[in-house]
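Participant: This is entry31.txt (compact mmCIF, C-alpha atoms).
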```
# COMPACT_ATOMS: atom_id res chain seq x y z
CA MET A 13 336.19 47.47 -16.33
CA THR A 14 335.26 50.38 -14.06
CA THR A 15 332.26 52.58 -14.74
CA THR A 16 332.79 56.24 -13.91
CA PRO A 17 329.70 57.88 -12.33
CA PRO A 18 328.40 61.01 -14.01
CA PRO A 19 329.62 64.30 -12.60
CA GLN A 20 327.66 65.61 -9.59
CA GLY A 21 324.84 67.93 -10.57
CA THR A 22 324.16 66.37 -13.91
CA GLN A 23 322.01 63.50 -12.66
CA LYS A 24 318.60 63.45 -14.36
CA GLN A 25 315.58 64.12 -12.07
CA PRO A 26 312.48 61.93 -12.46
CA ARG A 27 309.53 63.62 -14.13
CA ARG A 28 306.57 64.46 -11.88
CA PRO A 29 303.23 63.19 -13.10
CA PHE A 30 300.47 65.68 -14.01
CA LEU A 31 297.90 66.39 -11.26
CA VAL A 32 295.17 63.86 -11.63
CA LEU A 33 291.81 64.58 -9.91
CA ASP A 34 289.75 61.86 -8.45
CA PRO A 35 286.71 61.47 -10.71
CA ARG A 36 284.34 62.08 -7.78
CA ALA A 37 286.16 65.27 -6.74
CA PHE A 38 286.18 66.45 -10.34
CA ARG A 39 282.43 66.00 -10.58
CA LEU A 40 281.91 67.95 -7.38
CA LEU A 41 284.11 70.80 -8.57
CA LEU A 42 282.33 70.93 -11.89
CA ALA A 43 278.94 70.98 -10.16
CA ALA A 44 280.05 73.87 -7.93
CA ILE A 45 281.24 75.87 -10.92
CA VAL A 46 277.97 75.24 -12.73
CA ALA A 47 275.98 76.25 -9.63
CA VAL A 48 277.89 79.52 -9.33
CA LEU A 49 277.38 80.27 -13.01
CA LEU A 50 273.69 79.48 -12.78
CA THR A 51 273.29 81.60 -9.64
CA VAL A 52 275.01 84.58 -11.23
CA ALA A 53 272.93 84.13 -14.34
CA SER A 54 269.72 83.93 -12.32
CA VAL A 55 270.37 87.05 -10.18
CA PRO A 56 268.62 89.49 -12.56
CA VAL A 57 265.58 87.23 -12.76
CA LEU A 58 265.39 86.76 -8.98
CA ASN A 59 265.78 90.50 -8.42
CA LEU A 60 262.76 91.05 -10.59
CA THR A 61 260.69 88.41 -8.82
CA ALA A 62 261.65 87.03 -5.40
CA HIS A 63 263.53 90.18 -4.40
CA ALA A 64 261.27 92.76 -6.01
CA PRO A 65 260.00 95.75 -3.95
CA GLN A 66 256.42 94.45 -3.97
CA ARG A 67 257.62 91.27 -2.27
CA ALA A 68 259.19 93.38 0.50
CA VAL A 69 255.87 95.15 1.13
CA VAL A 70 253.94 91.87 1.25
CA ALA A 71 256.59 90.41 3.58
CA TYR A 72 256.22 93.43 5.87
CA LEU A 73 252.43 93.15 6.04
CA SER A 74 252.73 89.42 6.66
CA ALA A 75 255.13 90.07 9.54
CA LEU A 76 252.56 92.40 11.11
CA GLU A 77 249.80 89.83 10.65
CA ASP A 78 252.04 87.25 12.37
CA GLY A 79 252.66 89.67 15.27
CA ASP A 80 256.42 89.67 14.57
CA ALA A 81 257.54 93.22 15.31
CA SER A 82 261.26 92.46 14.93
CA ARG A 83 260.80 91.04 11.44
CA ALA A 84 258.62 94.00 10.47
CA LEU A 85 261.15 96.51 11.78
CA GLY A 86 263.86 94.80 9.71
CA LEU A 87 261.92 95.74 6.57
CA LEU A 88 261.78 99.47 7.37
CA ALA A 89 264.22 102.29 6.67
CA ALA A 90 263.15 104.39 9.65
CA PRO A 91 264.76 106.98 11.95
CA SER A 92 265.88 105.89 15.39
CA THR A 93 263.59 106.62 18.32
CA ARG A 94 263.98 106.35 22.08
CA ASN A 95 260.30 105.64 22.67
CA THR A 96 260.07 102.04 21.45
CA ALA A 97 257.43 100.87 23.93
CA ALA A 98 254.80 100.37 21.20
CA LEU A 99 257.18 98.79 18.64
CA ASP A 100 256.82 95.43 20.30
CA ASP A 101 255.34 91.96 19.77
CA ALA A 102 253.07 92.39 22.81
CA VAL A 103 251.48 95.51 21.30
CA LEU A 104 250.81 93.70 18.02
CA ALA A 105 249.41 90.73 19.96
CA GLY A 106 246.89 93.05 21.62
CA ALA A 107 245.88 94.87 18.42
CA TRP A 108 242.17 94.84 17.73
CA SER A 109 243.04 94.41 14.06
CA LEU A 110 246.11 93.68 11.92
CA PRO A 111 246.43 93.78 8.11
CA ARG A 112 245.44 90.67 6.21
CA ASP A 113 244.93 89.53 2.60
CA PRO A 114 247.61 91.82 1.08
CA ARG A 115 247.37 92.26 -2.68
CA VAL A 116 249.72 94.27 -4.89
CA VAL A 117 247.91 96.81 -7.04
CA ASP A 118 250.88 98.55 -8.66
CA SER A 119 254.68 98.57 -8.40
CA ARG A 120 257.13 100.98 -10.02
CA VAL A 121 260.93 101.16 -9.84
CA GLU A 122 263.08 104.16 -10.72
CA GLY A 123 266.73 103.52 -10.01
CA ASP A 124 267.20 102.93 -6.29
CA ARG A 125 263.69 103.99 -5.39
CA ALA A 126 260.33 102.31 -5.83
CA SER A 127 256.67 102.80 -5.00
CA VAL A 128 254.26 100.00 -4.30
CA THR A 129 250.49 100.34 -4.05
CA VAL A 130 249.00 97.56 -1.97
CA GLY A 131 245.50 96.71 -0.85
CA PHE A 132 244.71 94.99 2.43
CA THR A 133 241.94 94.46 4.96
CA LEU A 134 242.02 96.01 8.41
CA GLY A 135 239.14 95.07 10.65
CA ASP A 136 236.03 95.16 8.50
CA SER A 137 237.39 97.80 6.11
CA SER A 138 239.38 97.54 2.89
CA HIS A 139 242.28 99.94 2.41
CA GLU A 140 244.69 100.83 -0.35
CA GLU A 141 247.97 102.57 0.43
CA THR A 142 251.07 103.50 -1.57
CA TYR A 143 254.41 103.02 0.18
CA SER A 144 257.79 104.36 -0.92
CA LEU A 145 260.81 102.05 -0.83
CA VAL A 146 264.57 102.47 -1.08
CA ARG A 147 267.14 99.95 -2.29
CA ALA A 148 269.47 98.87 0.53
CA ALA A 149 272.82 97.08 0.43
CA PRO A 150 272.35 93.84 -1.53
CA GLN A 151 272.06 90.55 0.28
CA TRP A 152 275.23 88.44 -0.09
CA GLY A 153 276.37 91.10 -2.54
CA LEU A 154 273.97 89.79 -5.18
CA PHE A 155 270.29 90.04 -4.35
CA ASP A 156 268.30 93.27 -4.11
CA ARG A 157 267.02 94.28 -0.70
CA TRP A 158 264.19 96.80 -0.55
CA LEU A 159 263.07 98.65 2.59
CA ILE A 160 259.88 100.64 3.15
CA GLU A 161 260.88 104.26 3.66
CA VAL A 162 259.71 105.93 6.88
CA ASP A 163 260.80 109.58 7.03
CA LYS A 164 258.75 110.08 10.20
CA TRP A 165 257.21 107.49 12.46
CA PRO A 166 253.43 107.47 12.60
CA ARG A 167 252.41 108.49 16.09
CA LEU A 168 249.57 108.72 18.53
CA GLY A 169 248.78 112.38 19.16
CA LEU A 170 247.78 112.03 22.79
CA ASP A 171 245.58 114.46 24.71
CA VAL A 172 245.79 112.98 28.20
CA THR A 173 245.09 114.52 31.59
CA GLY A 174 245.73 112.77 34.87
CA SER A 175 248.22 110.10 33.80
CA SER A 176 251.82 110.03 32.59
CA VAL A 177 251.32 106.50 31.22
CA VAL A 178 248.83 105.13 28.73
CA GLU A 179 248.03 101.57 27.75
CA ILE A 180 248.39 100.82 24.04
CA ASN A 181 246.78 97.48 23.26
CA GLY A 182 247.15 96.69 26.96
CA VAL A 183 250.87 97.55 27.11
CA ALA A 184 252.01 100.49 29.24
CA ALA A 185 253.80 103.28 27.37
CA PRO A 186 254.88 106.82 28.33
CA ALA A 187 252.23 109.39 27.47
CA ASP A 188 254.78 111.33 25.45
CA ARG A 189 253.35 114.69 24.33
CA GLY A 190 255.44 114.31 21.18
CA GLY A 191 253.50 111.18 20.35
CA VAL A 192 254.15 107.46 20.60
CA PRO A 193 255.80 105.83 17.52
CA LEU A 194 253.84 102.93 16.03
CA LEU A 195 254.03 100.24 13.40
CA PHE A 196 251.60 100.60 10.50
CA PRO A 197 249.04 99.67 9.31
CA ALA A 198 247.38 98.39 12.47
CA GLY A 199 244.43 99.01 14.77
CA TYR A 200 245.18 100.20 18.30
CA THR A 201 243.21 100.64 21.49
CA VAL A 202 244.38 103.38 23.85
CA GLY A 203 243.32 104.05 27.44
CA PHE A 204 244.72 104.11 30.95
CA ASN A 205 243.90 102.87 34.40
CA ALA A 206 245.75 104.87 37.04
CA GLU A 207 245.18 104.93 40.79
CA TYR A 208 242.99 108.02 40.79
CA LEU A 209 241.76 108.22 37.20
CA HIS A 210 240.88 105.82 34.43
CA ALA A 211 239.94 106.32 30.80
CA ASP A 212 238.02 103.79 28.77
CA PRO A 213 239.99 102.57 25.73
CA VAL A 214 239.31 104.20 22.38
CA ARG A 215 240.11 102.68 19.00
CA VAL A 216 242.30 104.27 16.38
CA ASP A 217 243.69 103.04 13.04
CA VAL A 218 247.18 103.99 11.87
CA LEU A 219 247.75 103.40 8.16
CA ARG A 220 250.89 105.14 6.89
CA PRO A 221 254.25 106.73 7.82
CA GLY A 222 254.15 110.25 9.23
CA GLU A 223 250.49 109.97 10.24
CA ILE A 224 249.42 111.59 13.51
CA ALA A 225 246.43 109.74 14.92
CA PRO A 226 244.70 112.02 17.47
CA VAL A 227 243.56 110.36 20.68
CA THR A 228 241.63 112.26 23.36
CA LEU A 229 241.08 110.41 26.60
CA ASP A 230 238.40 111.61 29.01
CA PRO A 231 239.41 110.60 32.53
CA GLU A 232 236.88 109.38 35.06
CA PRO A 233 237.51 109.40 38.81
CA THR A 234 238.13 106.14 40.60
CA GLU A 235 236.78 105.24 44.03
CA ALA A 236 240.27 105.84 45.40
CA LEU A 237 240.15 109.43 44.12
CA ALA A 238 236.68 110.03 45.59
CA SER A 239 237.94 108.81 48.98
CA GLU A 240 241.05 110.99 48.74
CA VAL A 241 239.04 114.09 47.82
CA ALA A 242 236.52 113.46 50.62
CA ALA A 243 239.37 113.16 53.14
CA GLU A 244 240.99 116.33 51.81
CA ALA A 245 237.68 118.22 51.99
CA VAL A 246 237.17 117.19 55.61
CA ALA A 247 240.72 118.24 56.47
CA GLN A 248 240.27 121.64 54.80
CA LEU A 249 236.95 122.36 56.51
CA ASP A 250 238.33 121.29 59.90
CA ALA A 251 241.31 123.60 59.38
CA CYS A 252 238.91 126.45 58.51
CA ALA A 253 236.98 125.80 61.75
CA GLU A 254 240.16 126.40 63.75
CA GLN A 255 240.30 130.03 62.65
CA THR A 256 238.85 132.60 65.07
CA THR A 257 237.64 135.20 62.60
CA LEU A 258 234.25 135.81 61.04
CA MET A 259 235.73 135.29 57.59
CA PRO A 260 238.17 132.36 57.73
CA SER A 261 240.88 132.88 55.13
CA GLY A 262 240.71 130.67 52.04
CA CYS A 263 237.53 128.98 53.25
CA PRO A 264 234.12 128.47 51.66
CA PHE A 265 232.13 129.88 54.58
CA GLY A 266 231.97 132.98 56.78
CA PHE A 267 229.59 135.11 58.83
CA GLU A 268 228.51 138.70 58.14
CA THR A 269 227.24 140.94 60.97
CA ASP A 270 226.78 144.61 61.76
CA HIS A 271 227.32 143.92 65.45
CA GLU A 272 230.57 144.50 67.23
CA ILE A 273 232.33 141.27 68.15
CA LEU A 274 233.61 141.41 71.71
CA GLY A 275 237.00 139.94 72.31
CA ASP A 276 237.69 140.02 68.55
CA GLU A 277 237.33 136.25 68.35
CA VAL A 278 234.66 133.76 67.40
CA ALA A 279 234.55 129.98 67.47
CA TRP A 280 233.64 127.76 64.53
CA SER A 281 232.62 124.13 64.45
CA ILE A 282 231.66 121.73 61.66
CA VAL A 283 228.29 120.24 62.53
CA GLU A 284 227.95 118.19 59.37
CA HIS A 285 230.57 117.57 56.69
CA PRO A 286 229.42 117.51 53.06
CA SER A 287 228.87 114.23 51.22
CA ILE A 288 231.50 114.42 48.47
CA THR A 289 230.89 113.12 44.95
CA LEU A 290 232.95 113.85 41.86
CA THR A 291 231.87 114.75 38.35
CA ALA A 292 233.94 114.82 35.17
CA ASP A 293 233.38 117.26 32.33
CA GLY A 294 235.90 116.41 29.65
CA THR A 295 239.23 116.76 31.39
CA GLN A 296 237.82 118.91 34.23
CA LEU A 297 237.09 117.20 37.55
CA THR A 298 234.83 118.98 40.03
CA VAL A 299 233.26 118.37 43.41
CA ALA A 300 229.52 118.16 42.90
CA PRO A 301 227.63 120.78 44.95
CA ALA A 302 227.01 119.47 48.46
CA GLU A 303 225.78 120.95 51.70
CA ALA A 304 227.80 121.35 54.88
CA VAL A 305 226.47 122.64 58.20
CA VAL A 306 228.73 124.91 60.25
CA GLU A 307 228.21 126.77 63.49
CA VAL A 308 229.73 130.05 64.65
CA SER A 309 229.54 131.38 68.21
CA GLY A 310 230.85 134.34 70.19
CA ARG A 311 229.79 137.46 72.06
CA SER A 312 228.62 140.65 70.37
CA ARG A 313 227.39 144.16 71.14
CA ASP A 314 224.59 145.82 69.20
CA ILE A 315 226.07 149.00 67.74
CA VAL A 316 222.75 150.85 68.18
CA THR A 317 221.51 149.72 71.60
CA ALA A 318 224.90 148.63 73.03
CA TYR A 319 223.16 145.46 74.13
CA GLU A 320 225.65 142.63 74.68
CA SER A 321 224.81 138.98 74.18
CA ASP A 322 226.26 135.59 73.36
CA PHE A 323 225.30 134.24 69.98
CA THR A 324 225.42 130.89 68.21
CA GLU A 325 224.43 130.68 64.59
CA ARG A 326 224.08 127.57 62.43
CA ILE A 327 224.79 128.10 58.73
CA ILE A 328 224.08 125.79 55.79
CA VAL A 329 226.89 126.15 53.26
CA ARG A 330 226.68 124.85 49.69
CA ILE A 331 230.15 123.76 48.69
CA THR A 332 231.69 122.81 45.37
CA GLY A 333 235.29 122.67 44.23
CA LEU A 334 237.96 121.90 41.64
CA VAL A 335 240.11 118.76 41.66
CA THR A 336 243.43 118.28 39.89
CA VAL A 337 245.65 115.21 39.69
CA ALA A 338 249.28 115.78 38.70
CA ASP A 339 252.14 113.31 39.07
CA GLY A 340 250.03 111.17 41.37
CA GLU A 341 249.23 114.08 43.72
CA VAL A 342 245.66 115.19 44.39
CA SER A 343 244.81 118.86 44.88
CA VAL A 344 241.37 120.07 46.02
CA THR A 345 240.17 123.69 46.04
CA LEU A 346 236.85 124.14 47.84
CA VAL A 347 234.68 127.15 47.06
CA ASN A 348 231.26 128.49 48.05
CA GLU A 349 228.77 127.89 45.26
CA GLY A 350 227.68 131.50 45.42
CA GLN A 351 224.94 131.71 47.98
CA SER A 352 224.99 134.51 50.56
CA LEU A 353 227.02 134.01 53.68
CA GLY A 354 225.40 133.73 57.07
CA GLN A 355 223.78 136.94 58.35
CA SER A 356 223.61 138.26 61.89
CA PRO A 357 220.29 137.83 63.68
CA PRO A 358 218.10 140.84 64.37
CA ALA A 359 218.80 142.70 67.59
CA SER A 360 217.00 141.37 70.67
```
Can you give me the file's structure in the form of structure tokens?
Facilitator:
Amino acid sequence: MTTTPPPQGTQKQPRRPFLVLDPRAFRLLLAAIVAVLLTVASVPVLNLTAHAPQRAVVAYLSALEDGDASRALGLLAAPSTRNTAALDDAVLAGAWSLPRDPRVVDSRVEGDRASVTVGFTLGDSSHEETYSLVRAAPQWGLFDRWLIEVDKWPRLGLDVTGSSVVEINGVAAPADRGGVPLLFPAGYTVGFNAEYLHADPVRVDVLRPGEIAPVTLDPEPTEALASEVAAEAVAQLDACAEQTTLMPSGCPFGFETDHEILGDEVAWSIVEHPSITLTADGTQLTVAPAEAVVEVSGRSRDIVTAYESDFTERIIVRITGLVTVADGEVSVTLVNEGQSLGQSPPAS
């Protein structure tokens, strides 16, 4: 007996078994689902605690205390600035004082904005400041991220003469007339030590955004400047002595006479150069009054008797002057302190 196979296409396919998870994999999947659900459920609570605006302010102050400028900058909503020389770890490391012992006094949230009042210690003083915050893009799309709002950087309002660079906490920074942006709150020392001038550091505290902390530096001359001015004074007086007129042009000495000068020329010589010392009055540098001895000689005719004679006169000149330093260049202007010029001797 022959069995006829079923027609093609009608053969029954075997049933596939249902997907069966390994018990261990199932437990892992279930744990992941539970973790996600718990995380989502905990977001509102964490946003009110771990990610609250007051925590951002405390984190910012802690970053300053740790000398971590990058971490502190990451907690600010601040405008960009090209002058970043003072926004640096080295400047914080040299600060005479950084905030410590932060304590939240008050915190208020209105929509995407918040204000936090915080107390802290800076140096030996206690301070209390209120900072405004803005809500930034959430972290991982879930957790609030608050940034301290800085509409304008706090700056040093510098009044500096004689240097294009200042040292802020020992770090060189351009002496920008528009001010030098700073992190806050912090204590800074500002001074400079250039080739010709130096200014002793002064202390200044910067506490809040937009603050302009005025700093006036009184420059003092260095030994290098005193040497440069002395050399310039000698050169100017020697150049004056080369002139062959009774009143050398642009010079602090001359000779007055009623006699007629024969030959229309006289000869000058510097017998003794002045001993140059510098004084500083605020931002004004001057040459302290000093005596120079000059000699003038020539031949003259008495206008009354027509008597002709050679003459040589020694004159003591009291000299002072103004000194300016700009872009590393020294300029000296010597003047007569106001005494009468040399007079002609009585007729023989």
Participant: Rounded to one decimal place, report the atom CA of Leu87 of chain A-atom CA of Pro193 of chain A distance in Å.
Facilitator: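 Those two atoms sit 16.1 Å apart.
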Participant: Counting all atoms listed in the file, which residue out of A:Val183, A:Val162, A:Ala126, A:Ala97 sits closest to Gly222 of chain A?
Facilitator: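 Going through A:Val183, A:Val162, A:Ala126, A:Ala97 one by one, the smallest distance to Gly222 of chain A is for A:Val162.
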Participant: What gap, in Å, lies between atom CA of Pro301 of chain A and atom CA of Val241 of chain A?
Facilitator: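 Rounded to one decimal, the two atoms are 13.5 Å apart.
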Participant: Between atom CA of Arg157 of chain A and atom CA of Phe132 of chain A, what is the spacing in Å?
Facilitator: 22.5 Å
Participant: Which is closest to Pro264 of chain A among A:Leu159, A:Leu110, A:Ala98, A:Val305, if we use only C-alpha atoms?
Facilitator: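 Going through A:Leu159, A:Leu110, A:Ala98, A:Val305 one by one, the smallest distance to Pro264 of chain A is for A:Val305.
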Participant: So that I can check the surroundings of segment 116-125 of chain A, please list as a list in words every protein, DNA and RNA residue that reaches within 7 Å of it, counting only C-alpha atoms and ignoring chain neighbours fewer than 4 positions away.
Facilitator: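 Contacts, with the query itself left out: Gln66, Thr129, Val130, Gly131, Leu145, Val146 and Arg147 of chain A.
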Participant: Which is closest to Thr257 of chain A among A:Ile315, A:Leu85, A:Val308, A:Ala236, if we use all atoms listed in the file?
Facilitator: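 Looking at the shortest contact to Thr257 of chain A, the residue is A:Val308.
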Participant: Please identify all polymer residues within 8 Å of Leu346 of chain A, counting all atoms listed in the file, omitting same-chain residues fewer than 6 positions from it, and present them as number ranges by chain.
Facilitator: A: 245, 263-264, 331-334
Participant: At a cut-off of 9 Å, using all atoms listed in the file, what residues contact Pro226 of chain A? Leave out same-chain residues fewer than 4 positions from it and give the result as a list in words.
Facilitator: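 Surrounding residues, per the criterion: Arg167, Leu168, Gly169, Leu170, Asp171 and Val216 of chain A.
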Participant: Would you save the residues from that selection as a PDB file, in the coordinates of the input, using C-alpha atoms?
Facilitator:
```pdb
ATOM      1  CA  ARG A 167     252.410 108.490  16.090  1.00  0.00           C
ATOM      2  CA  LEU A 168     249.570 108.720  18.530  1.00  0.00           C
ATOM      3  CA  GLY A 169     248.780 112.380  19.160  1.00  0.00           C
ATOM      4  CA  LEU A 170     247.780 112.030  22.790  1.00  0.00           C
ATOM      5  CA  ASP A 171     245.580 114.460  24.710  1.00  0.00           C
ATOM      6  CA  VAL A 216     242.300 104.270  16.380  1.00  0.00           C
TER       7      VAL A 216
END
```
